[in-house]
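J.: This is structure.cif (mmCIF, C-alpha atoms).
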```
data_my_file
#
loop_
_atom_site.label_atom_id
_atom_site.label_comp_id
_atom_site.auth_asym_id
_atom_site.auth_seq_id
_atom_site.Cartn_x
_atom_site.Cartn_y
_atom_site.Cartn_z
CA MET A 1 142.42 97.64 117.27
CA SER A 2 140.96 96.90 120.68
CA SER A 3 139.73 100.46 121.09
CA ARG A 4 138.01 100.29 117.73
CA LEU A 5 136.26 97.10 118.71
CA ILE A 6 135.00 98.70 121.89
CA ASN A 7 133.66 101.66 119.94
CA TRP A 8 131.74 99.45 117.58
CA PHE A 9 130.18 97.44 120.33
CA LYS A 10 129.28 100.63 122.14
CA PHE A 11 126.94 101.61 119.32
CA SER A 12 125.32 98.20 119.18
CA SER A 13 123.45 99.14 122.34
CA PRO A 14 120.29 101.23 121.96
CA VAL A 15 121.43 103.54 124.80
CA ALA A 16 124.50 104.70 122.92
CA PHE A 17 122.91 104.55 119.50
CA TYR A 18 119.82 106.62 120.26
CA PRO A 19 121.53 110.07 120.26
CA LEU A 20 123.74 109.07 117.31
CA ALA A 21 120.64 108.08 115.33
CA GLY A 22 119.17 111.52 116.00
CA ARG A 23 122.24 113.29 114.66
CA LEU A 24 122.58 110.96 111.66
CA GLY A 25 118.89 111.40 110.88
CA ALA A 26 119.08 115.19 110.94
CA TRP A 27 122.24 115.40 108.83
CA SER A 28 121.02 112.86 106.28
CA GLY A 29 117.73 114.71 106.04
CA TRP A 30 119.46 117.93 105.04
CA ILE A 31 121.78 116.15 102.61
CA ALA A 32 118.77 114.37 101.06
CA ALA A 33 116.83 117.62 100.66
CA ILE A 34 119.76 119.35 98.93
CA LEU A 35 120.58 116.42 96.64
CA ILE A 36 116.96 115.84 95.63
CA VAL A 37 116.39 119.55 94.86
CA VAL A 38 119.56 119.61 92.74
CA GLY A 39 118.59 116.28 91.17
CA LEU A 40 115.09 117.50 90.29
CA TYR A 41 116.49 120.70 88.79
CA MET A 42 118.88 118.66 86.65
CA SER A 43 116.12 116.19 85.72
CA PHE A 44 114.00 118.89 84.15
CA PHE A 45 116.30 121.76 83.17
CA VAL A 46 119.80 120.41 82.59
CA ALA A 47 119.42 116.87 81.23
CA PRO A 48 118.84 116.89 77.47
CA THR A 49 115.78 115.51 75.70
CA ASP A 50 116.11 111.87 74.68
CA TYR A 51 116.39 111.34 70.93
CA LYS A 52 114.00 108.39 71.01
CA GLN A 53 111.60 108.90 73.92
CA GLY A 54 111.48 112.71 73.95
CA GLU A 55 110.58 114.20 77.33
CA GLY A 56 108.92 110.98 78.46
CA TYR A 57 112.23 109.41 79.35
CA ARG A 58 112.63 111.82 82.32
CA ILE A 59 110.72 109.29 84.42
CA ILE A 60 114.06 107.46 84.55
CA TYR A 61 115.31 109.94 87.16
CA VAL A 62 112.81 108.74 89.72
CA HIS A 63 112.22 105.19 88.44
CA VAL A 64 115.78 103.89 88.44
CA PRO A 65 116.86 105.38 91.80
CA ALA A 66 113.66 104.07 93.43
CA ALA A 67 114.18 100.60 91.94
CA TRP A 68 117.83 100.51 93.02
CA MET A 69 116.96 101.62 96.52
CA SER A 70 114.18 99.04 96.82
CA MET A 71 116.71 96.26 96.15
CA PHE A 72 119.55 97.79 98.15
CA ILE A 73 117.39 98.45 101.22
CA TYR A 74 116.12 94.88 101.09
CA VAL A 75 119.66 93.49 101.25
CA VAL A 76 120.61 95.83 104.11
CA MET A 77 117.37 94.99 105.93
CA ALA A 78 117.95 91.25 105.58
CA GLY A 79 121.56 91.77 106.73
CA TRP A 80 120.45 93.52 109.93
CA ALA A 81 117.70 90.97 110.50
CA GLY A 82 120.18 88.12 110.02
CA MET A 83 122.63 89.76 112.38
CA GLY A 84 119.88 90.06 114.99
CA LEU A 85 119.11 86.39 114.52
CA VAL A 86 122.72 85.22 114.83
CA PHE A 87 124.08 87.55 117.53
CA ASN A 88 120.77 88.14 119.29
CA THR A 89 121.40 91.90 119.29
CA ARG A 90 118.12 93.72 119.65
CA LEU A 91 119.26 96.90 117.95
CA SER A 92 120.04 95.00 114.71
CA SER A 93 116.47 93.73 114.56
CA MET A 94 115.13 97.21 115.28
CA MET A 95 117.18 98.51 112.33
CA ALA A 96 115.60 95.88 110.08
CA SER A 97 112.11 96.89 111.22
CA ALA A 98 112.97 100.56 110.70
CA LEU A 99 114.06 99.98 107.10
CA ALA A 100 111.10 97.86 105.93
CA PRO A 101 108.48 100.60 105.38
CA THR A 102 110.95 102.78 103.47
CA GLY A 103 111.98 99.83 101.33
CA ALA A 104 108.33 99.09 100.64
CA LEU A 105 107.81 102.73 99.66
CA PHE A 106 110.62 102.56 97.10
CA ALA A 107 109.41 99.20 95.81
CA PHE A 108 105.96 100.71 95.32
CA LEU A 109 107.43 103.78 93.59
CA SER A 110 109.48 101.62 91.23
CA LEU A 111 106.29 99.77 90.21
CA TRP A 112 104.19 102.92 89.99
CA THR A 113 106.67 104.94 87.95
CA GLY A 114 107.37 101.85 85.86
CA ALA A 115 103.66 101.63 84.99
CA PHE A 116 103.61 105.33 84.10
CA TRP A 117 106.60 104.78 81.87
CA GLY A 118 105.40 101.52 80.37
CA LYS A 119 102.06 102.91 79.28
CA PRO A 120 103.39 105.51 76.80
CA MET A 121 106.42 103.48 75.65
CA TRP A 122 105.10 99.90 75.57
CA GLY A 123 101.40 100.62 75.39
CA ALA A 124 100.64 98.78 78.64
CA TRP A 125 100.59 99.79 82.30
CA TRP A 126 101.60 96.29 83.29
CA VAL A 127 102.92 93.12 81.68
CA TRP A 128 103.83 89.83 83.36
CA ASP A 129 107.43 90.20 82.38
CA ALA A 130 110.19 88.63 84.53
CA ARG A 131 111.57 91.98 85.69
CA LEU A 132 108.18 93.42 86.61
CA THR A 133 106.95 90.26 88.28
CA SER A 134 110.08 89.85 90.41
CA ALA A 135 109.88 93.53 91.41
CA LEU A 136 106.25 92.98 92.44
CA ILE A 137 107.36 90.01 94.55
CA LEU A 138 109.92 92.29 96.24
CA PHE A 139 107.10 94.67 97.18
CA PHE A 140 105.08 91.75 98.60
CA LEU A 141 108.12 90.54 100.55
CA TYR A 142 108.33 93.92 102.29
CA LEU A 143 104.62 93.83 103.05
CA GLY A 144 104.90 90.23 104.26
CA PHE A 145 107.81 91.12 106.54
CA MET A 146 105.87 93.99 108.11
CA ALA A 147 102.63 92.04 108.40
CA LEU A 148 104.37 89.07 110.00
CA GLN A 149 106.13 91.27 112.54
CA ALA A 150 102.93 93.13 113.33
CA SER A 151 101.04 89.87 113.91
CA ILE A 152 103.38 88.63 116.66
CA ASP A 153 102.98 90.36 120.01
CA GLU A 154 106.29 89.42 121.57
CA PRO A 155 108.91 91.67 119.89
CA ARG A 156 111.86 89.27 120.01
CA ARG A 157 109.81 86.45 118.49
CA ALA A 158 108.55 88.85 115.85
CA ASP A 159 112.18 89.75 115.10
CA ARG A 160 113.18 86.14 114.61
CA ALA A 161 110.21 85.23 112.43
CA GLY A 162 110.71 88.36 110.34
CA ALA A 163 114.43 87.65 109.98
CA ILE A 164 113.78 84.22 108.50
CA LEU A 165 111.29 85.62 106.01
CA ALA A 166 113.69 88.43 105.09
CA LEU A 167 116.63 86.04 104.62
CA VAL A 168 114.67 83.61 102.46
CA GLY A 169 113.46 86.54 100.37
CA VAL A 170 117.03 87.66 99.57
CA VAL A 171 117.05 85.07 96.77
CA ASN A 172 114.67 87.38 94.90
CA VAL A 173 117.17 90.24 94.67
CA PRO A 174 119.61 88.59 92.21
CA ILE A 175 116.57 87.31 90.32
CA ILE A 176 115.40 90.91 89.83
CA TYR A 177 118.88 92.05 88.89
CA TYR A 178 119.57 89.33 86.33
CA SER A 179 115.97 88.89 85.13
CA VAL A 180 116.65 91.05 82.08
CA GLN A 181 119.51 88.74 81.08
CA TRP A 182 118.05 85.36 82.00
CA TRP A 183 114.71 85.85 80.35
CA ASN A 184 113.57 87.56 77.23
CA THR A 185 111.93 90.56 78.83
CA LEU A 186 110.05 93.56 77.53
CA HIS A 187 111.94 95.55 80.14
CA GLN A 188 115.22 96.87 78.77
CA GLY A 189 118.60 95.64 80.01
CA ALA A 190 120.71 97.42 82.60
CA THR A 191 121.94 100.84 81.49
CA ILE A 192 124.69 100.80 84.06
CA LYS A 193 126.37 97.45 84.45
CA MET A 194 128.35 96.33 87.44
CA GLY A 195 132.01 96.38 86.47
CA GLY A 196 131.23 97.95 83.12
CA GLY A 197 130.62 101.36 81.69
CA ALA A 198 127.34 103.17 81.32
CA SER A 199 125.65 103.39 77.95
CA MET A 200 124.25 106.86 78.47
CA ASP A 201 125.04 110.54 78.20
CA PRO A 202 127.23 111.76 81.13
CA VAL A 203 124.79 114.52 82.11
CA MET A 204 121.95 111.98 82.24
CA LEU A 205 124.13 109.61 84.23
CA TRP A 206 125.07 112.30 86.75
CA THR A 207 121.46 113.35 87.17
CA MET A 208 120.50 109.76 87.90
CA LEU A 209 123.38 109.32 90.34
CA ILE A 210 122.57 112.55 92.22
CA MET A 211 118.94 111.45 92.57
CA THR A 212 120.13 108.03 93.76
CA PHE A 213 122.39 109.55 96.44
CA GLY A 214 119.52 111.83 97.44
CA PHE A 215 117.19 108.85 97.86
CA TRP A 216 119.94 107.08 99.75
CA ALA A 217 120.30 109.94 102.22
CA TYR A 218 116.50 110.11 102.45
CA ALA A 219 116.33 106.42 103.37
CA ILE A 220 119.00 106.86 106.07
CA ALA A 221 117.22 109.89 107.51
CA VAL A 222 113.79 108.27 107.68
CA ALA A 223 115.16 104.95 108.99
CA MET A 224 117.10 106.75 111.75
CA ILE A 225 114.06 108.67 112.96
CA ARG A 226 111.95 105.52 112.79
CA VAL A 227 114.53 103.49 114.70
CA GLN A 228 114.46 106.14 117.43
CA ALA A 229 110.70 105.71 117.70
CA ILE A 230 111.08 101.92 117.80
CA ILE A 231 113.80 102.16 120.47
CA LEU A 232 111.58 104.36 122.66
CA GLU A 233 108.61 102.03 122.20
CA ARG A 234 110.51 98.86 122.96
CA GLU A 235 112.77 100.16 125.72
CA ARG A 236 110.11 102.25 127.43
CA ASN A 237 110.38 100.29 130.68
CA THR A 238 114.14 100.73 131.04
CA THR A 239 115.80 103.21 133.36
CA TRP A 240 117.75 104.91 130.61
CA VAL A 241 114.62 105.81 128.62
CA THR A 242 112.93 107.11 131.76
CA GLU A 243 116.01 109.21 132.55
CA LEU A 244 116.17 110.47 128.98
CA VAL A 245 112.54 111.53 129.05
CA LYS A 246 112.99 113.11 132.49
CA ALA A 247 115.97 115.09 131.24
CA GLY A 248 113.45 116.58 128.86
CA GLY A 249 114.05 118.10 125.51
CA LYS A 250 111.95 117.45 122.51
CA ALA A 251 111.77 114.18 120.67
CA MET B 1 105.71 127.38 80.68
CA ARG B 2 102.81 125.48 79.13
CA GLU B 3 105.26 123.68 76.98
CA PHE B 4 107.20 122.64 80.09
CA PHE B 5 104.14 121.14 81.77
CA ALA B 6 103.10 119.38 78.57
CA MET B 7 106.43 117.47 78.54
CA GLY B 8 106.15 116.93 74.81
CA GLY B 9 102.83 115.10 75.22
CA TYR B 10 104.10 112.94 78.09
CA GLY B 11 102.81 115.30 80.79
CA LEU B 12 100.45 112.82 82.44
CA TYR B 13 103.14 110.16 82.69
CA VAL B 14 106.03 112.36 83.79
CA TRP B 15 103.99 114.32 86.37
CA GLY B 16 102.13 111.19 87.44
CA SER B 17 105.48 109.61 88.30
CA PHE B 18 107.23 112.57 89.89
CA GLY B 19 104.06 113.77 91.62
CA VAL B 20 103.30 110.53 93.42
CA ALA B 21 106.97 110.10 94.37
CA LEU B 22 107.06 113.62 95.79
CA VAL B 23 103.82 113.22 97.75
CA LEU B 24 104.86 109.90 99.29
CA MET B 25 108.41 111.05 100.03
CA ALA B 26 107.04 114.15 101.75
CA ALA B 27 104.42 112.18 103.72
CA GLU B 28 106.72 109.46 105.07
CA PRO B 29 109.12 111.78 106.97
CA LEU B 30 106.16 113.67 108.46
CA LEU B 31 104.52 110.44 109.60
CA VAL B 32 107.72 109.09 111.09
CA ILE B 33 108.47 112.35 112.94
CA HIS B 34 104.91 112.32 114.25
CA ARG B 35 105.37 108.74 115.44
CA ARG B 36 108.54 109.58 117.36
CA ARG B 37 106.96 112.68 118.88
CA SER B 38 103.83 110.83 120.02
CA VAL B 39 105.86 108.04 121.66
CA TRP B 40 107.94 110.67 123.41
CA ARG B 41 104.87 112.52 124.67
CA ARG B 42 103.28 109.32 125.92
CA LEU B 43 106.44 108.44 127.83
CA ALA B 44 106.74 111.97 129.23
CA ARG B 45 103.17 111.71 130.56
CA ILE B 46 103.92 108.38 132.25
CA VAL B 47 107.09 109.78 133.83
CA ARG B 48 105.17 112.81 135.10
CA LEU B 49 102.43 110.64 136.62
CA GLN B 50 104.98 108.42 138.34
CA SER B 51 106.83 111.38 139.88
CA GLU B 52 103.53 112.74 141.22
CA GLU B 53 102.75 109.40 142.82
CA THR B 54 106.04 109.26 144.68
CA LYS B 55 105.60 112.77 146.09
#
```
Take the structure in this file and express it as structure tokens.
T.:
Amino acid sequence: MSSRLINWFKFSSPVAFYPLAGRLGAWSGWIAAILIVVGLYMSFFVAPTDYKQGEGYRIIYVHVPAAWMSMFIYVVMAGWAGMGLVFNTRLSSMMASALAPTGALFAFLSLWTGAFWGKPMWGAWWVWDARLTSALILFFLYLGFMALQASIDEPRRADRAGAILALVGVVNVPIIYYSVQWWNTLHQGATIKMGGGASMDPVMLWTMLIMTFGFWAYAIAVAMIRVQAIILERERNTTWVTELVKAGGKA
Amino acid sequence: MREFFAMGGYGLYVWGSFGVALVLMAAEPLLVIHRRRSVWRRLARIVRLQSEETK
């Protein structure tokens, strides 16, 4: 037990985490590439045509994974930010900052692909429906988090301010999730329910899950590389970074 | 082939979704790798300058 505790704390320091982040980033990158290629192949060549929406439904394979990731990354980001706030660990806050742009990217993609799906099926690119509006707010929360952090020069103060914004914004995540139940929305209900079965063809479900895991690995890969950049930027005046750079090698 | 790209009349919407996702998800890793590399190079230059000063 004690040895496990020591190991965990070891990686809470940027010195020990930096090389690990590099390895995790590289491995996740390869896993993401493989899963997304397989997922794309299945999206277009294996998954059957939908009986109601024809080929147009295939947008689901990028829309749903992107939307899931946008919510999941937000919770993880707020978790790291909160941990940085409570324990005053600088690496936790760096992790939160590293996740924000990727979360914003997925939030944008969920809105974009949603518009491209809404237009042919509903007849409108956008409606002020509860699900769509709360997803838009999620996108703005990411942008707000990044803008707030960028506007404060002192990194630790920026971390704390960002953490409070991120934690307050968590309330939006269950609102997005349950919006289709709480309000009468144009957006359809959840296809896959927590603690329940999925109301879709198994091949379609697998395609969606493979794409989701691919996006997941992608998010880990990008966040790990970004956290390395953030660590180097913030710790540039420390001996260990100087030694690391002196030892050479490529970034 | 043409039939595949037409996506049963939904071509614009399907390719508009997948296309933008692919472009952004290819651009982000490149940008982030570039960011890490440029920080590293900047630090390497500083370290080099400092070692020349102490000589």
J.: Should the cut-off be 6 Å, what would the residue list for chain B against chain A look like, counting all atoms listed in the file, as a PyMOL selection string?
T.: chain B and resi 7-8+10+13-14+17+29+32+36-37+40+44
J.: Find the residue from A:Lys52, A:Ala100, A:Leu148, A:Leu85 that sits nearest to A:Met121; use only C-alpha atoms when measuring.
T.: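 When distances to A:Met121 are compared using only C-alpha atoms, the smallest one comes from A:Lys52.
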J.: Looking at all atoms listed in the file, which of A:Val64, A:Val86, A:Ala81, A:Met94 is the one that sits closest to A:Leu165?
T.: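 Closest to A:Leu165, using all atoms listed in the file: A:Ala81.
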J.: Between atom CA of A:Gly103 and atom CA of A:Ile73, what distance in Å does the model show, to one decimal?
T.: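 One can read the atom CA of A:Gly103 to atom CA of A:Ile73 distance as 5.6 Å.
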J.: Find the residues around A:Ile36 up to 10 Å (only C-alpha atoms counted), leave out those fewer than 3 positions away in its own chain, and share them as a PyMOL selection string.
T.: chain A and resi 30-33+39-43+207+210-215+217-218
J.: What is the atom CA of A:Trp126-atom CA of B:Phe5 distance in Å, reported with one decimal?
T.: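 Pair atom CA of A:Trp126 / atom CA of B:Phe5 returns 25.0 Å.
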J.: Determine, counting only C-alpha atoms, which protein, DNA and RNA residues have an atom within 12 Å of an atom of A:Ile175; residues of the same chain fewer than 4 positions away are not included. Present the result as a list in words.
T.: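 In the requested format, the answer is Met71, Ala130, Arg131, Leu132, Thr133, Ser134, Ala135, Leu136, Ile137, Leu138, Gly169, Val170, Val171, Ser179, Val180, Gln181, Trp182 and Trp183 of chain A.
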J.: Please measure the separation of atom CA of B:Leu43 and atom CA of A:Ser28, giving the value in Å to one decimal.
T.: 26.4 Å
J.: Taking all atoms of stretch 2-9 of chain B that appear in the file, build a box with edges along x, y and z, extend it by 5 Å on every side, and state its centre and edge lengths in Å to one decimal, as AutoDock Vina command-line options.
T.:
```
--center_x 105.0 --center_y 120.3 --center_z 78.3 --size_x 14.4 --size_y 20.4 --size_z 17.0
```
J.: Might you spell out which residues the PyMOL selection byres ((chain A and resi 162) around 12) would select in the displayed file, as a VMD selection string?
T.: chain A and resid 77 to 82 84 to 85 93 to 94 96 to 97 100 141 to 152 155 to 161 163 to 169
